[in-house]
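Below you'll find the structure, written out as structure tokens, and then a few comments.
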Amino acid sequence: MNEILKLENVTKSYKDKTVVDALSFSIGKGEVFALLGANGAGKTTTIKMILGLAKPSSGKIEIADGVKSGYSPETPYFPPYLSAMEVMRYYAGIEGRKKDKEYLEELLDTVGLEDNRTRVKDYSKGMIQRLALAQALIADPDLLILDEPTAGLDALGRKHNLELLRKLKERGKTIIINSHILHDIEAICDRGVIMKKGKVIDSWTNGVSHESLEDKFIRLVGEE
């Protein structure tokens, strides 16, 4: 496997509380990988460490040379008085694409926000999720990290986003998804890990087991 990301015995503690405990996994180029677990399992902390927003207390995180990352958070926030295009121009400025209007329009069209003049204050939660995905794609990242990418979307919106993720995979993107919507995980992800109280308690590979992911998740995560 051509690894793009590797975590080796990664632990994160805050004072006397350990939120990620000796976490190890690797992801190959072009894979769609799931981080699964109930609230408080340590998934978001793991994402923050991969992004460099939090430092591991111990262990090692290795990202392949030259890899660019894009991130869409679970609860994205954009200034409500800005339009979608103004939001994109702001983030594009950070990425050095200030004048590339056609490129930004294409990204907004791709995620289903053809009307880019509407103010964010008038957006539904689902539309804000789409805008967050568009801004995550501005730098044309090799590694895309998505925290609950289909949350707040109706059935049509979820289908649209899953189709978009499939197209990104076909283009060779590596994608990490944290989601509680297990049907979406089964529809798009190649494999993943199931976390509980900061630890990996099992791994999952799509199509290998006769047990559904939902049944496996409930059986493992529901155990105390």
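Labels used: A, B, ... for chains in the order of the structure tokens, numbers from 1 for residues in each chain, and numbers from 1 for ligands as shown.
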- Query: Could you pull the residues within 12 Å of A:Ile128, counting only C-alpha atoms, minus those fewer than 2 positions along the same chain, as an MDAnalysis selection string?
  - Reply: chainID A and resid 72:80 83:84 87 108 111:113 116 118:126 130:135 149:153 157
Would you put the residues from that selection into a file with N, CA and C atoms, as an mmCIF file, in the first residue's frame?
```
data_model
loop_
_atom_site.group_PDB
_atom_site.id
_atom_site.type_symbol
_atom_site.label_atom_id
_atom_site.label_comp_id
_atom_site.auth_asym_id
_atom_site.auth_seq_id
_atom_site.Cartn_x
_atom_site.Cartn_y
_atom_site.Cartn_z
ATOM 1 N N SER A 72 -13.152 19.996 6.195
ATOM 2 C CA SER A 72 -14.505 20.504 6.385
ATOM 3 C C SER A 72 -14.974 20.090 7.775
ATOM 4 N N PRO A 73 -15.176 21.052 8.707
ATOM 5 C CA PRO A 73 -15.534 20.710 10.085
ATOM 6 C C PRO A 73 -16.986 20.293 10.234
ATOM 7 N N GLU A 74 -17.289 19.689 11.386
ATOM 8 C CA GLU A 74 -18.660 19.248 11.658
ATOM 9 C C GLU A 74 -19.605 20.429 11.774
ATOM 10 N N THR A 75 -19.169 21.493 12.411
ATOM 11 C CA THR A 75 -20.018 22.681 12.593
ATOM 12 C C THR A 75 -19.318 23.894 11.984
ATOM 13 N N PRO A 76 -19.316 23.994 10.656
ATOM 14 C CA PRO A 76 -18.637 25.120 10.006
ATOM 15 C C PRO A 76 -19.327 26.435 10.307
ATOM 16 N N TYR A 77 -18.533 27.495 10.362
ATOM 17 C CA TYR A 77 -19.094 28.835 10.571
ATOM 18 C C TYR A 77 -18.484 29.786 9.552
ATOM 19 N N PHE A 78 -19.344 30.559 8.914
ATOM 20 C CA PHE A 78 -18.905 31.605 7.994
ATOM 21 C C PHE A 78 -19.630 32.901 8.370
ATOM 22 N N PRO A 79 -19.009 34.055 8.197
ATOM 23 C CA PRO A 79 -19.677 35.326 8.515
ATOM 24 C C PRO A 79 -21.018 35.429 7.794
ATOM 25 N N PRO A 80 -22.102 35.648 8.510
ATOM 26 C CA PRO A 80 -23.441 35.589 7.909
ATOM 27 C C PRO A 80 -23.713 36.653 6.864
ATOM 28 N N SER A 83 -21.595 36.514 1.044
ATOM 29 C CA SER A 83 -22.166 35.557 0.098
ATOM 30 C C SER A 83 -21.224 34.373 -0.034
ATOM 31 N N ALA A 84 -21.701 33.321 -0.682
ATOM 32 C CA ALA A 84 -20.849 32.142 -0.888
ATOM 33 C C ALA A 84 -19.590 32.510 -1.663
ATOM 34 N N VAL A 87 -17.147 34.318 0.567
ATOM 35 C CA VAL A 87 -16.475 33.353 1.452
ATOM 36 C C VAL A 87 -15.356 32.639 0.690
ATOM 37 N N LEU A 108 -18.218 25.839 -6.481
ATOM 38 C CA LEU A 108 -19.552 26.047 -5.913
ATOM 39 C C LEU A 108 -20.613 25.288 -6.707
ATOM 40 N N VAL A 111 -20.562 21.520 -5.791
ATOM 41 C CA VAL A 111 -21.221 21.107 -4.541
ATOM 42 C C VAL A 111 -22.699 21.472 -4.515
ATOM 43 N N GLY A 112 -23.204 22.039 -5.608
ATOM 44 C CA GLY A 112 -24.633 22.328 -5.694
ATOM 45 C C GLY A 112 -25.042 23.697 -5.198
ATOM 46 N N LEU A 113 -24.119 24.656 -5.224
ATOM 47 C CA LEU A 113 -24.438 26.038 -4.829
ATOM 48 C C LEU A 113 -24.276 26.949 -6.044
ATOM 49 N N ASN A 116 -24.435 31.826 -6.058
ATOM 50 C CA ASN A 116 -23.365 32.141 -5.115
ATOM 51 C C ASN A 116 -23.483 33.549 -4.521
ATOM 52 N N THR A 118 -26.311 34.546 -2.649
ATOM 53 C CA THR A 118 -27.126 34.527 -1.439
ATOM 54 C C THR A 118 -26.246 34.637 -0.199
ATOM 55 N N ARG A 119 -26.693 35.405 0.786
ATOM 56 C CA ARG A 119 -25.929 35.589 2.015
ATOM 57 C C ARG A 119 -25.983 34.327 2.869
ATOM 58 N N VAL A 120 -24.904 34.083 3.568
ATOM 59 C CA VAL A 120 -24.808 32.892 4.409
ATOM 60 C C VAL A 120 -25.921 32.865 5.456
ATOM 61 N N LYS A 121 -26.364 34.038 5.920
ATOM 62 C CA LYS A 121 -27.412 34.093 6.949
ATOM 63 C C LYS A 121 -28.717 33.474 6.472
ATOM 64 N N ASP A 122 -28.897 33.366 5.160
ATOM 65 C CA ASP A 122 -30.103 32.775 4.606
ATOM 66 C C ASP A 122 -29.922 31.311 4.215
ATOM 67 N N TYR A 123 -28.780 30.741 4.549
ATOM 68 C CA TYR A 123 -28.491 29.353 4.199
ATOM 69 C C TYR A 123 -29.070 28.387 5.234
ATOM 70 N N SER A 124 -29.508 27.241 4.751
ATOM 71 C CA SER A 124 -29.859 26.135 5.641
ATOM 72 C C SER A 124 -28.568 25.470 6.130
ATOM 73 N N LYS A 125 -28.687 24.595 7.123
ATOM 74 C CA LYS A 125 -27.516 23.879 7.618
ATOM 75 C C LYS A 125 -26.870 23.057 6.510
ATOM 76 N N GLY A 126 -27.710 22.447 5.690
ATOM 77 C CA GLY A 126 -27.185 21.642 4.582
ATOM 78 C C GLY A 126 -26.401 22.466 3.583
ATOM 79 N N ARG A 130 -22.405 22.293 2.399
ATOM 80 C CA ARG A 130 -21.906 22.272 1.025
ATOM 81 C C ARG A 130 -20.841 23.349 0.805
ATOM 82 N N LEU A 131 -21.066 24.510 1.389
ATOM 83 C CA LEU A 131 -20.081 25.583 1.276
ATOM 84 C C LEU A 131 -18.780 25.182 1.961
ATOM 85 N N ALA A 132 -18.885 24.501 3.107
ATOM 86 C CA ALA A 132 -17.684 24.033 3.814
ATOM 87 C C ALA A 132 -16.906 23.043 2.956
ATOM 88 N N LEU A 133 -17.617 22.184 2.239
ATOM 89 C CA LEU A 133 -16.943 21.230 1.356
ATOM 90 C C LEU A 133 -16.262 21.960 0.203
ATOM 91 N N ALA A 134 -16.936 22.972 -0.346
ATOM 92 C CA ALA A 134 -16.340 23.740 -1.445
ATOM 93 C C ALA A 134 -15.051 24.418 -1.000
ATOM 94 N N GLN A 135 -15.057 25.049 0.190
ATOM 95 C CA GLN A 135 -13.841 25.726 0.648
ATOM 96 C C GLN A 135 -12.735 24.727 0.946
ATOM 97 N N PRO A 149 -19.838 15.011 6.867
ATOM 98 C CA PRO A 149 -20.086 15.750 5.620
ATOM 99 C C PRO A 149 -21.524 15.714 5.120
ATOM 100 N N THR A 150 -22.340 14.747 5.595
ATOM 101 C CA THR A 150 -23.725 14.686 5.118
ATOM 102 C C THR A 150 -24.726 15.065 6.204
ATOM 103 N N ALA A 151 -24.239 15.534 7.345
ATOM 104 C CA ALA A 151 -25.140 15.951 8.421
ATOM 105 C C ALA A 151 -25.948 17.171 7.984
ATOM 106 N N GLY A 152 -27.245 17.148 8.264
ATOM 107 C CA GLY A 152 -28.103 18.279 7.932
ATOM 108 C C GLY A 152 -28.599 18.295 6.503
ATOM 109 N N LEU A 153 -28.213 17.320 5.704
ATOM 110 C CA LEU A 153 -28.660 17.269 4.322
ATOM 111 C C LEU A 153 -29.878 16.368 4.187
ATOM 112 N N GLY A 157 -29.741 15.756 -1.051
ATOM 113 C CA GLY A 157 -28.452 16.376 -0.787
ATOM 114 C C GLY A 157 -27.388 15.364 -0.401
#
```
- Message: Give me, as a ChimeraX atom specification, the residues of chain A that a backbone DSSP run labels strand (DSSP E or B).
- Response: /A:3-14,17-28,32-37,58-63,69-72,83,119,143-147,174-178,191-196,199-205
Keeping C-alpha atoms, export the residues of the selection given above as a PDB file, in the first residue's frame.
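result_6.pdb was written with the following content:
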```pdb
ATOM      1  CA  GLU A   3       0.756   5.143   2.414  1.00  0.00           C
ATOM      2  CA  ILE A   4      -0.276   8.780   2.518  1.00  0.00           C
ATOM      3  CA  LEU A   5      -0.848   8.900   6.291  1.00  0.00           C
ATOM      4  CA  LYS A   6       0.331   6.791   9.236  1.00  0.00           C
ATOM      5  CA  LEU A   7      -0.451   7.049  12.950  1.00  0.00           C
ATOM      6  CA  GLU A   8       1.678   5.027  15.323  1.00  0.00           C
ATOM      7  CA  ASN A   9       0.746   4.702  19.032  1.00  0.00           C
ATOM      8  CA  VAL A  10      -0.707   8.216  19.087  1.00  0.00           C
ATOM      9  CA  THR A  11      -1.956   9.328  22.505  1.00  0.00           C
ATOM     10  CA  LYS A  12      -3.532  12.622  23.521  1.00  0.00           C
ATOM     11  CA  SER A  13      -4.135  13.529  27.164  1.00  0.00           C
ATOM     12  CA  TYR A  14      -5.471  16.649  28.820  1.00  0.00           C
ATOM     13  CA  LYS A  17      -7.839  12.535  31.041  1.00  0.00           C
ATOM     14  CA  THR A  18      -6.754  10.483  28.026  1.00  0.00           C
ATOM     15  CA  VAL A  19      -8.979  11.140  25.004  1.00  0.00           C
ATOM     16  CA  VAL A  20      -6.954   9.216  22.403  1.00  0.00           C
ATOM     17  CA  ASP A  21      -5.103   6.125  23.587  1.00  0.00           C
ATOM     18  CA  ALA A  22      -2.290   4.441  21.599  1.00  0.00           C
ATOM     19  CA  LEU A  23      -4.047   4.926  18.255  1.00  0.00           C
ATOM     20  CA  SER A  24      -2.442   3.248  15.238  1.00  0.00           C
ATOM     21  CA  PHE A  25      -3.632   2.984  11.632  1.00  0.00           C
ATOM     22  CA  SER A  26      -2.444   3.835   8.133  1.00  0.00           C
ATOM     23  CA  ILE A  27      -4.243   5.055   5.017  1.00  0.00           C
ATOM     24  CA  GLY A  28      -3.209   4.396   1.433  1.00  0.00           C
ATOM     25  CA  VAL A  32     -11.799   6.521   1.527  1.00  0.00           C
ATOM     26  CA  PHE A  33     -11.316   5.796   5.219  1.00  0.00           C
ATOM     27  CA  ALA A  34     -13.893   5.972   8.030  1.00  0.00           C
ATOM     28  CA  LEU A  35     -13.349   7.079  11.617  1.00  0.00           C
ATOM     29  CA  LEU A  36     -16.251   5.551  13.522  1.00  0.00           C
ATOM     30  CA  GLY A  37     -17.377   5.758  17.130  1.00  0.00           C
ATOM     31  CA  SER A  58       3.066  10.794  22.563  1.00  0.00           C
ATOM     32  CA  GLY A  59       3.331   8.700  19.420  1.00  0.00           C
ATOM     33  CA  LYS A  60       3.953   9.682  15.826  1.00  0.00           C
ATOM     34  CA  ILE A  61       1.917  10.995  12.895  1.00  0.00           C
ATOM     35  CA  GLU A  62       3.520  10.787   9.455  1.00  0.00           C
ATOM     36  CA  ILE A  63       2.085  12.426   6.324  1.00  0.00           C
ATOM     37  CA  SER A  69      -4.860  18.753   3.074  1.00  0.00           C
ATOM     38  CA  GLY A  70      -8.383  20.149   2.980  1.00  0.00           C
ATOM     39  CA  TYR A  71     -10.764  20.141   5.939  1.00  0.00           C
ATOM     40  CA  SER A  72     -14.505  20.504   6.385  1.00  0.00           C
ATOM     41  CA  SER A  83     -22.166  35.557   0.098  1.00  0.00           C
ATOM     42  CA  ARG A 119     -25.929  35.589   2.015  1.00  0.00           C
ATOM     43  CA  LEU A 143      -6.014  14.462   1.475  1.00  0.00           C
ATOM     44  CA  LEU A 144      -9.574  15.564   2.248  1.00  0.00           C
ATOM     45  CA  ILE A 145     -10.767  15.330   5.866  1.00  0.00           C
ATOM     46  CA  LEU A 146     -14.529  15.570   6.352  1.00  0.00           C
ATOM     47  CA  ASP A 147     -16.232  15.736   9.753  1.00  0.00           C
ATOM     48  CA  THR A 174      -7.639  10.287  -0.296  1.00  0.00           C
ATOM     49  CA  ILE A 175     -10.592  10.978   2.006  1.00  0.00           C
ATOM     50  CA  ILE A 176     -11.104  10.572   5.752  1.00  0.00           C
ATOM     51  CA  ILE A 177     -14.736  10.667   6.872  1.00  0.00           C
ATOM     52  CA  ASN A 178     -16.078  10.933  10.402  1.00  0.00           C
ATOM     53  CA  ARG A 191     -12.483   0.561   5.243  1.00  0.00           C
ATOM     54  CA  GLY A 192     -12.086   2.176   8.632  1.00  0.00           C
ATOM     55  CA  VAL A 193     -11.640   1.810  12.362  1.00  0.00           C
ATOM     56  CA  ILE A 194     -14.164   1.770  15.183  1.00  0.00           C
ATOM     57  CA  MET A 195     -13.123   3.769  18.246  1.00  0.00           C
ATOM     58  CA  LYS A 196     -14.371   3.663  21.823  1.00  0.00           C
ATOM     59  CA  LYS A 199      -9.014   3.314  21.554  1.00  0.00           C
ATOM     60  CA  VAL A 200      -9.458   1.345  18.351  1.00  0.00           C
ATOM     61  CA  ILE A 201     -11.640  -1.596  19.287  1.00  0.00           C
ATOM     62  CA  ASP A 202     -12.000  -3.073  15.793  1.00  0.00           C
ATOM     63  CA  SER A 203     -11.401  -2.438  12.116  1.00  0.00           C
ATOM     64  CA  TRP A 204     -13.868  -2.644   9.249  1.00  0.00           C
ATOM     65  CA  THR A 205     -13.423  -3.443   5.568  1.00  0.00           C
TER      66      THR A 205
END
```
- Query: A:Ser212: which residues within 10 Å, counting only C-alpha atoms, same-chain residues fewer than 5 positions away excluded, as a list in words?
  - Reply: Leu182, His183, Glu186, Asn206, Gly207 and Phe217 of chain A
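In this structure, atom CA of A:Gly198 sits 9.2 Å away from atom CA of A:Thr45.
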- Query: What is the atom CA of A:Arg97 to atom CA of A:Leu162 distance in Å?
  - Reply: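 So the answer is 26.6 Å.
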- Query: Which of these residues is nearest to A:Lys159, using only C-alpha atoms: A:Asp140, A:Ser209, A:Gly172, A:Ile188?
  - Reply: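 Under the stated criterion, the closest residue is A:Ile188.
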- Which polymer residues have any atom within 8 Å of an atom of stretch 99-106 of chain A, counting only C-alpha atoms, with same-chain residues fewer than 6 positions away left out, as number ranges by chain? A: 85, 88-89, 114, 116, 138
